[in-house]
Each structure stands twice: as C-alpha cells, then as structure tokens.
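Visitor: Here it is: the structure, laid out below.
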Amino acid sequence: MIVEMSRVEIIGLKQFLDKAIQSLHDFGKLQIEDIRDMPDLMIQPFSPMEKMNKEREDTDLRLANINGLIDTFSKIAKKSEPIIATAAEVNSYQISENVSDITNQIQYLNNRKKTLQDELITFSKYLEMLKVISPFIPEDIKNSGNATIRALIHSSQTSTMKLLANQLKLVTDGKFEMITAKVGDDTNAVIGIFPLELVSQVEGFMKNERITQLILPEEYAYLSTEEALDHIENKVKMNHDELDGIDERLKRMAQEWLPKLRLWQLICLDRIDELETFLKTGETEYTFTIFGWIPDDDYDALETLLTSLFSDKVSIRRVDVPKQLKLSTPVKTKNPSIVEPYEHFVKMRATPSYSDIDPSSLVAIFMPIFFGMMAGDVGYGLVMLILALLGVKKVKEGMLADILKFLKIGAIWTMFFGVLFGEYFGSLGEKIGIPPLWISRSDPKNIIPLLIMAISVGVGHILVGLVIGAWNAFINKSRSHLFERIGMFVGVIGLLILVGAMTSILSDGFRIAGWVTLAVGLVTLSVSLGSSGFFLGPIEFVGLLGSILSYLRIAALGLASVFLAEVANELGGTIPSLLLGLLIAILIHALNIAMGILSPTIQSLRLQYVEFFRRFFQGGQSPYMPFKRRVENNK
Amino acid sequence: MENAIIAIAAAFSIGVTALATSMAQRAIGSAGVGALAEKPELVGSIIILVAIPETLVILGFAVAAIMLIGG
C-alpha cells in the first residue's frame, strides 16, 4: 500500500533553527526538500557561517579517517561486536582524539611490521647461502681467528677462481686456502681462509675479478660462518615473534575499536546530514523556512512536538502540492511483514509512482504460486522448505533474506502442486503407488492440459494487470491509457469466447459474439493510440498475445524439471551397486533442486516484471527518505 | 520416416531458438554485469533485459510441442 503524504512548511524564528533541525532529526519522519531546487520560491537559501563550513570540513576529514580505519580493521577482524547505536556521552572532540590516537598506533605498527618483513627477506637470503656454505668449512679452521671469504659462483667462474687462489697463495706466502664445493647444477660454493691481516688484499683481488662475495651485515661480518648462522637464525626467530605480536595486537585493537569506529562513522554521517539540512532551508533576516514531506498520519505528532518545544516561535502547516511537484512526491510503501520481501522485489524494478497501486501484495500472491507450478514436486518442496527455514534463521537482512522468505512460501506451493502432479522426487511417488490428484506431467498425453494451464494462468494474470491498469488510468484521469487497457481487456475476452466456440466448449452461437467482442476491443485499443492506432493497435494486441504465450515457460520449466528428476531415478536404478546408484540419483536430484530454486525464481520474477507490470506499473518515482538519525541521540 | 522428420523439426525448433536466446543473453548478460558494477540499483532492469530473449526459446518450445503432439 502506498502511504499518503503531506507537504509541509515549517516557519520559525532563526534563533531556533539549530534546535528545530535537531528536533526534526530526532523525530525522524520528515523528508526535507532542498529549497535550492525550488527556483520559483522567493526565499533566500541559507548561507552557512564560516564556523559551520569549518565543522563540515573537519567532519568530512574525520569520516575519511574513520572509513580508512574501518577498512583496515575489517580485514583483520573477521567478526566484531554489534554496534550499540546510541550516541550518549560521545562528542566530536573525543572522536577526533581517539581516531588520531588509533591512526598513530596503526601507522607505527605497520611501519614496524614493514621493517621486520624487509629484514626477514634479507636474512632469509643470507640464511639460505650460509646453510649451503657452512657444511664445506673444515672443522679445524672454524674459530681459529682467521678471516674467511664466502661466495657462491657460477660453474663457469670456477677456473678463474682457481687461478685467483694460486695468485693469492703467492701473495700471502702460501697462507691462503680455498675450498670449492658443488652446491647446485651450475653453482659452486667457494670458501677462502687466510690470516686476518690479509683481508684488504684478498678482498681487493676478489673485487678486481668481479666475484661477488657474500657480505653479511656489519654486526655479523666478523663472525665465523657457524656463529653468523646461529645469530641470524636467532634474529629471524625474534622477528617472527615480534611480527606475531604485532598481528596479535592489531587483532585486539580491531576487536576493541571496530564497533566504536562503526558507531562514530554513523555519528559523523548524522552530523553531515544535519549540516547539509541547514543548506536546504531558506532564510530571511529573522526567520527560517523548511519545506518537506511527511506521511499524513505523522503530521499531528510533528505539530504537537513543535508546539511543545517552541510554542508559537516555530509553526507548521500543510501546503498544496504544486502540479510540477506531483511527480516528486516521495513514495512510502507500507505492507504486512509477509509482503515486505516482495515490496523489495518491486522496488528492485522501480519505486512505484505515488499514483500507482502498490503491486507488492499481488506479487506476494502470484510469484510463489508460479514458482510452485514450475517446481511442482513434494520432495523438492520439502528440501527447499528445510533449506529456506535454516537460511532464514541465519540471514536476517538483505536480498538473500528476501529470497529465502520467498522460497519458504514457494516451497509450500511446490509441495501443493507436487501433490496435484503426483511428483515425489520425480516419479518415485507413482512407483510406490501415490497417484497424481490432477495430471502427471511426465505423461506425454498430459502436455496439452499442461500448456492450457500455463496459458490460462497467463490470461488470468494479464487480465488482472489490465484491470489494475485501467483503474490507475481512471484515477489519473488518463483517457488514452484507460481506453488502451479496456480495449486490450475486451479483445482478450473476445478471443477467449472465440476459442471457446471453436473448441466446442461454448456453443457455435458464441462465435459471432467472440468476433464482435474482439473487434470492439481492437477498435477501442486502436482509437486510444491516436492517429497511428490503425497500425499500432493490432501490433499491440499481437504483443499482448505474445505476453500470454510467454507464460508457457511455466509448463516448459516444469517439464524440464520432471524429466531431469526422471533421469536421476532411471540412471540411479540402472547401476548395479545400490550405494553408487543412490549416490548418483542424489547428486542429480541435488542439481535439479538447485536449478529448481534458481530458474523458477528468475522466471517467476520475470513474469511479474515484464508481462504483469507492463499492464499497469509506471514506477520511477523517488523513494521516501526521511531526515532520520542513524544513531539514537541520548544526550 | 514421417515421425523422424517431425522429431528432427521439433529438435531444430527448440535447438535453434535456444541458440538464438543464448546468443542474445550472452551479449545482454555481459553488458548487464558491466552496468551493474557501476550502478547496482539497475538490477531489476538487468534481470528483465536478460530474461526477455527467453521468450524466443519458449515460443520454440511451443512450436516443438505442437509439432510433436500434432504428429
């Protein structure tokens, strides 16, 4: 149902503007119009003071920081405490202080983490090389006080290295020893041992020959390979421990601050809304003016509130809706909770027009029935119902929750039509002696009744749409639309009479009545379409017949489902192993159920959107968005 | 022989329309996903656009059914 709205004007003394906006925000039922979008109005838009502009900039910046922190913490904490939506004892200064403090901590921890990770990358390279070299250093040389050079060289450089070693032996009077060992396909480890005082000489030679040494960081440079290895391994362990500590601390911070940050985010958004609302108001030297929309039922409550808070300093009155604003009336729908998911499905197509009939209740009736007609199997319906009931417990909000609520009802209809078609996991019901109450879809003889059922449903659905469309056109005083829909309605009735007479359901005398009714419908339709109606009328009518034929998908999808179920049972039955046969049957049935949930949902929705809505639904108006707090104000 | 020809014609009727539907849906679907990435509120319109070509295969099914039942 579309809620009736009132357009209101609030006028008051300027000194009360701040308090009035706060009160309207707390009240939460008024959608405020932007006075800057009403150029015909001779009221000056509100000019914000510098202080207000500064506050807006600060709040935007604070919100950006909060969003950044939420983004960071959301990646760390998988689950967080729910938001306590009350703004008691929290002010913008405290929020800024806390946000700045958390940001600094996060920056420090992230920087430290990066340093440790860089160190680990470097140390892991040293460790890898030292571990390769270490086994080739003779035991008696270790800890002797001699200096060592370590290098990993390509095999092609080995001969150069041997020449170099001979030269170094000459230079050091035979005090240079070189050990070479193959450590990979193309890599040799080279370890040179020599007296400490010859370090610069040896290194000079190495540099000239462009052999890259393994140079350790300064603190490990003078240690033996074994000692360096131990120290670096310790350092790597310490870095890992520290990194774990930082991660743990970030996790604790995320768990502690994420709910608070989300609350502050909402508080900032609320404040931005308030500051934005000031700009939507109009002002004179001493007064302010606010225009807005409110559900008619809430008008009295707002009037009472403003009188109690401001006495005669702020007044409210209903104002007429100018013609040019008719289409900008915000649309609020109100339906019983069982219809709410379908309300969301309708809005997914478009928000209804203010003058439309809200089709949510009709969609709530037709959509699950069509779903049940297509899926039509007691076993499948039962599985779907269990899945929907389990899902509804876990998913409370959003599109998935809406689909699950729809599936719950759809599953019941699936079971109902399953009984009519005698389907219990396909033909299993028939095999154990449960007959269909109406027809068996798996019997080729029953295809015609099935197609007739689908077409009849289509005719009924479209006629309902045309009646609503005609009523809408009557309310909106749109004569052309009224005649168009009446013409279509009469044309379809004429066609039904004609088909009835031709198939001997009605007596032959009805044949003429059918032609006449069809002709009247076509002429009415053509006239409604204006000068080109002579061509467009019949084309539109053929389009309408196409829409009716589109309902054949109800039969087509049902047949596809029943034959896949049949395949599951037959294939499972042909396998000698009972267990394997059962497994294959279950797998194919599971696939059929998954497809049976997806496809009928989309097709059922499509029939509403394309065939049904086209007959009456205009939509496209803006939804009602009241100026409402996200966070309860307890201050 | 006649039955075989009818069966082949019915298969063509549903096969060709299914192919046509899939080709249309391929183009609409990929464009639709692109549009949804930028404007998620278009989901209702995209469902309609993707579902519209399915009427082709439904009509193919109707023709196939008529051929088979008539045969």
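Chain labels A, B, ... are given in the sequence in which chains occur in the structure tokens; within each chain residues are numbered consecutively from 1, and ligands are likewise numbered from 1 in the order shown.
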Do me a favour and pick out the residues of chain B within 8 Å of chain A, using only C-alpha atoms, as a compact mmCIF listing (two decimals) with C-alpha atoms, in the first residue's frame.
Guide:
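Writing the result to part.txt gives the following:
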# COMPACT_ATOMS: atom_id res chain seq x y z
CA GLU B 41 20.39 -0.25 -8.47
CA LEU B 42 19.82 -1.35 -12.08
CA VAL B 43 19.49 -4.99 -11.03
CA GLY B 44 15.73 -5.10 -11.74
CA SER B 45 16.12 -3.71 -15.25
CA ILE B 47 17.01 -9.11 -14.92
CA ILE B 48 14.30 -8.02 -17.33
CA ALA B 51 15.12 -12.61 -19.36
CA ILE B 52 13.45 -11.02 -22.41
CA THR B 55 10.60 -15.80 -24.86
CA ILE B 58 9.63 -20.61 -25.02
CA LEU B 59 7.99 -19.99 -28.39
CA PHE B 61 9.17 -24.97 -27.19
CA ALA B 62 5.52 -24.21 -28.02
CA ALA B 65 5.24 -29.25 -28.63
Visitor: So that I can check the surroundings of Met625 of chain A, please list as a VMD selection string every protein, DNA and RNA residue that reaches within 10 Å of it, counting only C-alpha atoms and ignoring chain neighbours fewer than 5 positions away.
Guide: chain A and resid 28 to 32 293 to 294 330 to 332
Visitor: Closest to Met488 of chain A among A:Phe541, A:Phe563, A:Phe474, A:Phe534, using only C-alpha atoms?
Guide: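 Looking at the shortest contact to Met488 of chain A, the residue is A:Phe541.
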Visitor: Env of segment 118-120 of chain A: 9 Å cut, atoms = only C-alpha atoms, seq-sep filter 2 positions within chain, self excluded. Answer as a ChimeraX atom specification.
Guide: /A:113-116,122-125,235-236,239-240
Visitor: Within 8 Å of Ala18 of chain B, counting only C-alpha atoms, which residues show up once you throw out same-chain ones fewer than 3 positions away? Write them as a PDB file with C-alpha atoms, in the first residue's frame, please.
Guide:
ATOM      1  CA  ILE B  14      13.827 -25.751 -29.860  1.00  0.00           C
ATOM      2  CA  GLY B  15      17.554 -26.008 -30.635  1.00  0.00           C
ATOM      3  CA  THR B  21      18.362 -16.953 -26.918  1.00  0.00           C
ATOM      4  CA  SER B  22      21.817 -17.837 -25.667  1.00  0.00           C
ATOM      5  CA  LEU B  56      12.275 -16.986 -28.071  1.00  0.00           C
ATOM      6  CA  VAL B  57      13.040 -20.416 -26.689  1.00  0.00           C
ATOM      7  CA  GLY B  60      10.338 -22.584 -29.883  1.00  0.00           C
TER       8      GLY B  60
END
Visitor: Can you list, as a JSON list (two decimals) with N, CA and C atoms, in the first residue's frame, every protein, DNA or RNA residue that comes within 9 Å of Ser361 of chain A when you count only C-alpha atoms, leaving out same-chain residues fewer than 2 positions away?
Guide:
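Saved result, result01.json, follows:
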[["chain", "number", "residue", "atom", "x", "y", "z"],
["A", 1, "MET", "N", 0.84, -1.18, 0.00],
["A", 1, "MET", "CA", 0.00, 0.00, 0.00],
["A", 1, "MET", "C", 0.88, 1.25, 0.00],
["A", 335, "ASN", "N", 3.42, -2.31, 4.13],
["A", 335, "ASN", "CA", 2.79, -3.62, 3.89],
["A", 335, "ASN", "C", 2.99, -4.52, 5.09],
["A", 336, "PRO", "N", 2.17, -5.55, 5.23],
["A", 336, "PRO", "CA", 2.40, -6.52, 6.32],
["A", 336, "PRO", "C", 3.77, -7.20, 6.14],
["A", 339, "VAL", "N", 4.58, -9.50, 3.31],
["A", 339, "VAL", "CA", 4.65, -8.94, 1.95],
["A", 339, "VAL", "C", 5.96, -8.16, 1.72],
["A", 340, "GLU", "N", 6.66, -7.84, 2.82],
["A", 340, "GLU", "CA", 7.84, -6.98, 2.71],
["A", 340, "GLU", "C", 8.90, -7.46, 1.71],
["A", 342, "TYR", "N", 8.51, -8.97, -1.00],
["A", 342, "TYR", "CA", 8.01, -8.72, -2.35],
["A", 342, "TYR", "C", 8.02, -7.22, -2.65],
["A", 343, "GLU", "N", 7.88, -6.42, -1.57],
["A", 343, "GLU", "CA", 7.99, -4.97, -1.71],
["A", 343, "GLU", "C", 9.40, -4.64, -2.22],
["A", 358, "ASP", "N", 0.22, -0.07, -5.31],
["A", 358, "ASP", "CA", 1.41, -0.83, -4.93],
["A", 358, "ASP", "C", 1.19, -2.32, -5.27],
["A", 359, "PRO", "N", 2.00, -2.85, -6.20],
["A", 359, "PRO", "CA", 1.73, -4.23, -6.63],
["A", 359, "PRO", "C", 2.34, -5.29, -5.70],
["A", 363, "VAL", "N", 2.16, -9.35, -6.14],
["A", 363, "VAL", "CA", 3.38, -10.13, -6.41],
["A", 363, "VAL", "C", 3.53, -11.21, -5.34],
["A", 364, "ALA", "N", 3.19, -10.84, -4.09],
["A", 364, "ALA", "CA", 3.28, -11.82, -2.98],
["A", 364, "ALA", "C", 2.35, -13.01, -3.21],
["A", 365, "ILE", "N", 1.26, -12.77, -3.92],
["A", 365, "ILE", "CA", 0.33, -13.88, -4.20],
["A", 365, "ILE", "C", 0.82, -14.69, -5.40],
["A", 366, "PHE", "N", 1.10, -13.98, -6.51],
["A", 366, "PHE", "CA", 1.37, -14.69, -7.77],
["A", 366, "PHE", "C", 2.76, -15.33, -7.84]]
Visitor: Just asking: which residues within segment 67-263 of chain A are alpha helix (DSSP H) according to DSSP, as number ranges by chain?
Guide: A: 67-76, 92-133, 158-171, 199-208, 218-221, 225-263
Visitor: Could you give me, as a list in words, the residues within 12 Å of Val464 of chain A, counting only C-alpha atoms and dropping anything in the same chain fewer than 3 positions from it?
Guide: Pro359, Leu362, Val363, Phe366, Val457, Gly458, Val459, Gly460, His461, Val467, Ile468, Gly469, Ala470, Trp471, Arg485, Ile486, Met488, Phe489, Val492, Gln608, Glu611, Phe612, Phe613, Arg614, Arg615 and Phe616 of chain A
Visitor: Can you write just those residues out, N, CA and C atoms, as a PDB file, in the first residue's frame?
Guide:
ATOM      1  N   PRO A 359       2.004  -2.851  -6.204  1.00  0.00           N
ATOM      2  CA  PRO A 359       1.732  -4.232  -6.629  1.00  0.00           C
ATOM      3  C   PRO A 359       2.335  -5.293  -5.701  1.00  0.00           C
ATOM      4  N   LEU A 362       0.089  -8.196  -4.703  1.00  0.00           N
ATOM      5  CA  LEU A 362      -0.229  -9.088  -5.831  1.00  0.00           C
ATOM      6  C   LEU A 362       0.967  -9.964  -6.181  1.00  0.00           C
ATOM      7  N   VAL A 363       2.163  -9.348  -6.135  1.00  0.00           N
ATOM      8  CA  VAL A 363       3.379 -10.130  -6.411  1.00  0.00           C
ATOM      9  C   VAL A 363       3.529 -11.214  -5.336  1.00  0.00           C
ATOM     10  N   PHE A 366       1.101 -13.984  -6.513  1.00  0.00           N
ATOM     11  CA  PHE A 366       1.374 -14.694  -7.773  1.00  0.00           C
ATOM     12  C   PHE A 366       2.765 -15.335  -7.839  1.00  0.00           C
ATOM     13  N   VAL A 457      -3.291 -19.438 -16.875  1.00  0.00           N
ATOM     14  CA  VAL A 457      -2.687 -18.637 -15.802  1.00  0.00           C
ATOM     15  C   VAL A 457      -2.249 -17.287 -16.369  1.00  0.00           C
ATOM     16  N   GLY A 458      -1.643 -17.335 -17.564  1.00  0.00           N
ATOM     17  CA  GLY A 458      -1.181 -16.109 -18.213  1.00  0.00           C
ATOM     18  C   GLY A 458      -2.339 -15.173 -18.499  1.00  0.00           C
ATOM     19  N   VAL A 459      -3.434 -15.720 -19.031  1.00  0.00           N
ATOM     20  CA  VAL A 459      -4.607 -14.891 -19.351  1.00  0.00           C
ATOM     21  C   VAL A 459      -5.125 -14.238 -18.070  1.00  0.00           C
ATOM     22  N   GLY A 460      -5.266 -15.054 -17.026  1.00  0.00           N
ATOM     23  CA  GLY A 460      -5.779 -14.544 -15.749  1.00  0.00           C
ATOM     24  C   GLY A 460      -4.883 -13.443 -15.197  1.00  0.00           C
ATOM     25  N   HIS A 461      -3.575 -13.701 -15.203  1.00  0.00           N
ATOM     26  CA  HIS A 461      -2.616 -12.755 -14.639  1.00  0.00           C
ATOM     27  C   HIS A 461      -2.640 -11.431 -15.409  1.00  0.00           C
ATOM     28  N   VAL A 467      -6.918  -4.814 -15.510  1.00  0.00           N
ATOM     29  CA  VAL A 467      -7.948  -4.188 -14.656  1.00  0.00           C
ATOM     30  C   VAL A 467      -7.285  -3.131 -13.760  1.00  0.00           C
ATOM     31  N   ILE A 468      -6.136  -3.498 -13.165  1.00  0.00           N
ATOM     32  CA  ILE A 468      -5.442  -2.524 -12.304  1.00  0.00           C
ATOM     33  C   ILE A 468      -4.992  -1.327 -13.137  1.00  0.00           C
ATOM     34  N   GLY A 469      -4.476  -1.619 -14.340  1.00  0.00           N
ATOM     35  CA  GLY A 469      -4.023  -0.545 -15.225  1.00  0.00           C
ATOM     36  C   GLY A 469      -5.160   0.398 -15.574  1.00  0.00           C
ATOM     37  N   ALA A 470      -6.337  -0.174 -15.856  1.00  0.00           N
ATOM     38  CA  ALA A 470      -7.496   0.660 -16.198  1.00  0.00           C
ATOM     39  C   ALA A 470      -7.901   1.516 -14.997  1.00  0.00           C
ATOM     40  N   TRP A 471      -7.853   0.914 -13.815  1.00  0.00           N
ATOM     41  CA  TRP A 471      -8.198   1.651 -12.590  1.00  0.00           C
ATOM     42  C   TRP A 471      -7.205   2.803 -12.359  1.00  0.00           C
ATOM     43  N   ARG A 485      -6.260   0.070 -22.141  1.00  0.00           N
ATOM     44  CA  ARG A 485      -6.358  -1.122 -21.294  1.00  0.00           C
ATOM     45  C   ARG A 485      -7.719  -1.800 -21.419  1.00  0.00           C
ATOM     46  N   ILE A 486      -8.768  -0.963 -21.529  1.00  0.00           N
ATOM     47  CA  ILE A 486     -10.100  -1.553 -21.715  1.00  0.00           C
ATOM     48  C   ILE A 486     -10.135  -2.308 -23.049  1.00  0.00           C
ATOM     49  N   MET A 488      -7.685  -3.702 -24.685  1.00  0.00           N
ATOM     50  CA  MET A 488      -6.944  -4.960 -24.580  1.00  0.00           C
ATOM     51  C   MET A 488      -7.758  -6.002 -23.827  1.00  0.00           C
ATOM     52  N   PHE A 489      -8.363  -5.551 -22.724  1.00  0.00           N
ATOM     53  CA  PHE A 489      -9.154  -6.465 -21.891  1.00  0.00           C
ATOM     54  C   PHE A 489     -10.296  -7.075 -22.705  1.00  0.00           C
ATOM     55  N   VAL A 492      -9.076  -9.520 -25.393  1.00  0.00           N
ATOM     56  CA  VAL A 492      -8.702 -10.838 -24.855  1.00  0.00           C
ATOM     57  C   VAL A 492      -9.956 -11.648 -24.536  1.00  0.00           C
ATOM     58  N   GLN A 608       6.406 -11.335 -13.526  1.00  0.00           N
ATOM     59  CA  GLN A 608       5.829 -10.180 -12.836  1.00  0.00           C
ATOM     60  C   GLN A 608       6.320  -8.887 -13.485  1.00  0.00           C
ATOM     61  N   GLU A 611       5.618  -9.147 -17.986  1.00  0.00           N
ATOM     62  CA  GLU A 611       4.266  -9.336 -18.517  1.00  0.00           C
ATOM     63  C   GLU A 611       3.208  -8.634 -17.659  1.00  0.00           C
ATOM     64  N   PHE A 612       3.363  -8.723 -16.340  1.00  0.00           N
ATOM     65  CA  PHE A 612       2.322  -8.206 -15.437  1.00  0.00           C
ATOM     66  C   PHE A 612       2.448  -6.685 -15.267  1.00  0.00           C
ATOM     67  N   PHE A 613       3.652  -6.239 -14.872  1.00  0.00           N
ATOM     68  CA  PHE A 613       3.833  -4.813 -14.579  1.00  0.00           C
ATOM     69  C   PHE A 613       3.587  -3.934 -15.802  1.00  0.00           C
ATOM     70  N   ARG A 614       3.871  -4.494 -16.992  1.00  0.00           N
ATOM     71  CA  ARG A 614       3.737  -3.686 -18.201  1.00  0.00           C
ATOM     72  C   ARG A 614       2.298  -3.205 -18.398  1.00  0.00           C
ATOM     73  N   ARG A 615       1.353  -3.899 -17.770  1.00  0.00           N
ATOM     74  CA  ARG A 615      -0.056  -3.555 -17.979  1.00  0.00           C
ATOM     75  C   ARG A 615      -0.507  -2.385 -17.108  1.00  0.00           C
ATOM     76  N   PHE A 616       0.244  -2.071 -16.055  1.00  0.00           N
ATOM     77  CA  PHE A 616      -0.266  -1.006 -15.169  1.00  0.00           C
ATOM     78  C   PHE A 616       0.821  -0.202 -14.463  1.00  0.00           C
TER      79      PHE A 616
END
Visitor: Can you work out which one of B:Met1, B:Ala9, B:Leu49, B:Val63 has the shortest atom-to-atom distance to Ala27 of chain B, counting only C-alpha atoms?
Guide: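 Checking each of B:Met1, B:Ala9, B:Leu49, B:Val63 against Ala27 of chain B, counting only C-alpha atoms, the winner is B:Leu49.
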Visitor: Tell me, in Å to one decimal, how far atom CA of Gln117 of chain A is from atom CA of Glu248 of chain A.
Guide: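 Between these atoms lies a distance of 15.8 Å.
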Visitor: Please identify all polymer residues within 12 Å of Asp312 of chain A, counting only C-alpha atoms, omitting same-chain residues fewer than 3 positions from it, and present them as an mmCIF file with C-alpha atoms, in the first residue's frame.
Guide:
data_model
loop_
_atom_site.group_PDB
_atom_site.id
_atom_site.type_symbol
_atom_site.label_atom_id
_atom_site.label_comp_id
_atom_site.auth_asym_id
_atom_site.auth_seq_id
_atom_site.Cartn_x
_atom_site.Cartn_y
_atom_site.Cartn_z
ATOM 1 C CA ILE A 10 7.813 24.961 8.793
ATOM 2 C CA ILE A 11 8.461 28.604 9.593
ATOM 3 C CA GLY A 12 10.213 29.836 12.718
ATOM 4 C CA LEU A 13 12.491 32.395 14.281
ATOM 5 C CA PHE A 16 15.598 28.345 16.867
ATOM 6 C CA GLU A 303 2.793 19.536 15.003
ATOM 7 C CA THR A 304 2.426 18.581 18.679
ATOM 8 C CA LEU A 305 6.182 18.176 19.063
ATOM 9 C CA LEU A 306 6.994 21.573 17.536
ATOM 10 C CA THR A 307 4.328 23.302 19.622
ATOM 11 C CA SER A 308 5.600 21.700 22.820
ATOM 12 C CA LEU A 309 9.222 22.641 22.066
ATOM 13 C CA SER A 315 4.918 26.810 13.256
ATOM 14 C CA ILE A 316 3.993 24.097 10.794
#
Visitor: Which one of A:Phe46, A:Phe176, A:Phe205, A:Trp257 sits closest to Phe73 of chain A if you count only C-alpha atoms?
Guide: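 For Phe73 of chain A, the nearest of the given residues is A:Trp257.
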Visitor: Could you state the separation of atom CA of Asn592 of chain A and atom CA of Leu564 of chain A in Å, given to one decimal place?
Guide: 6.7 Å
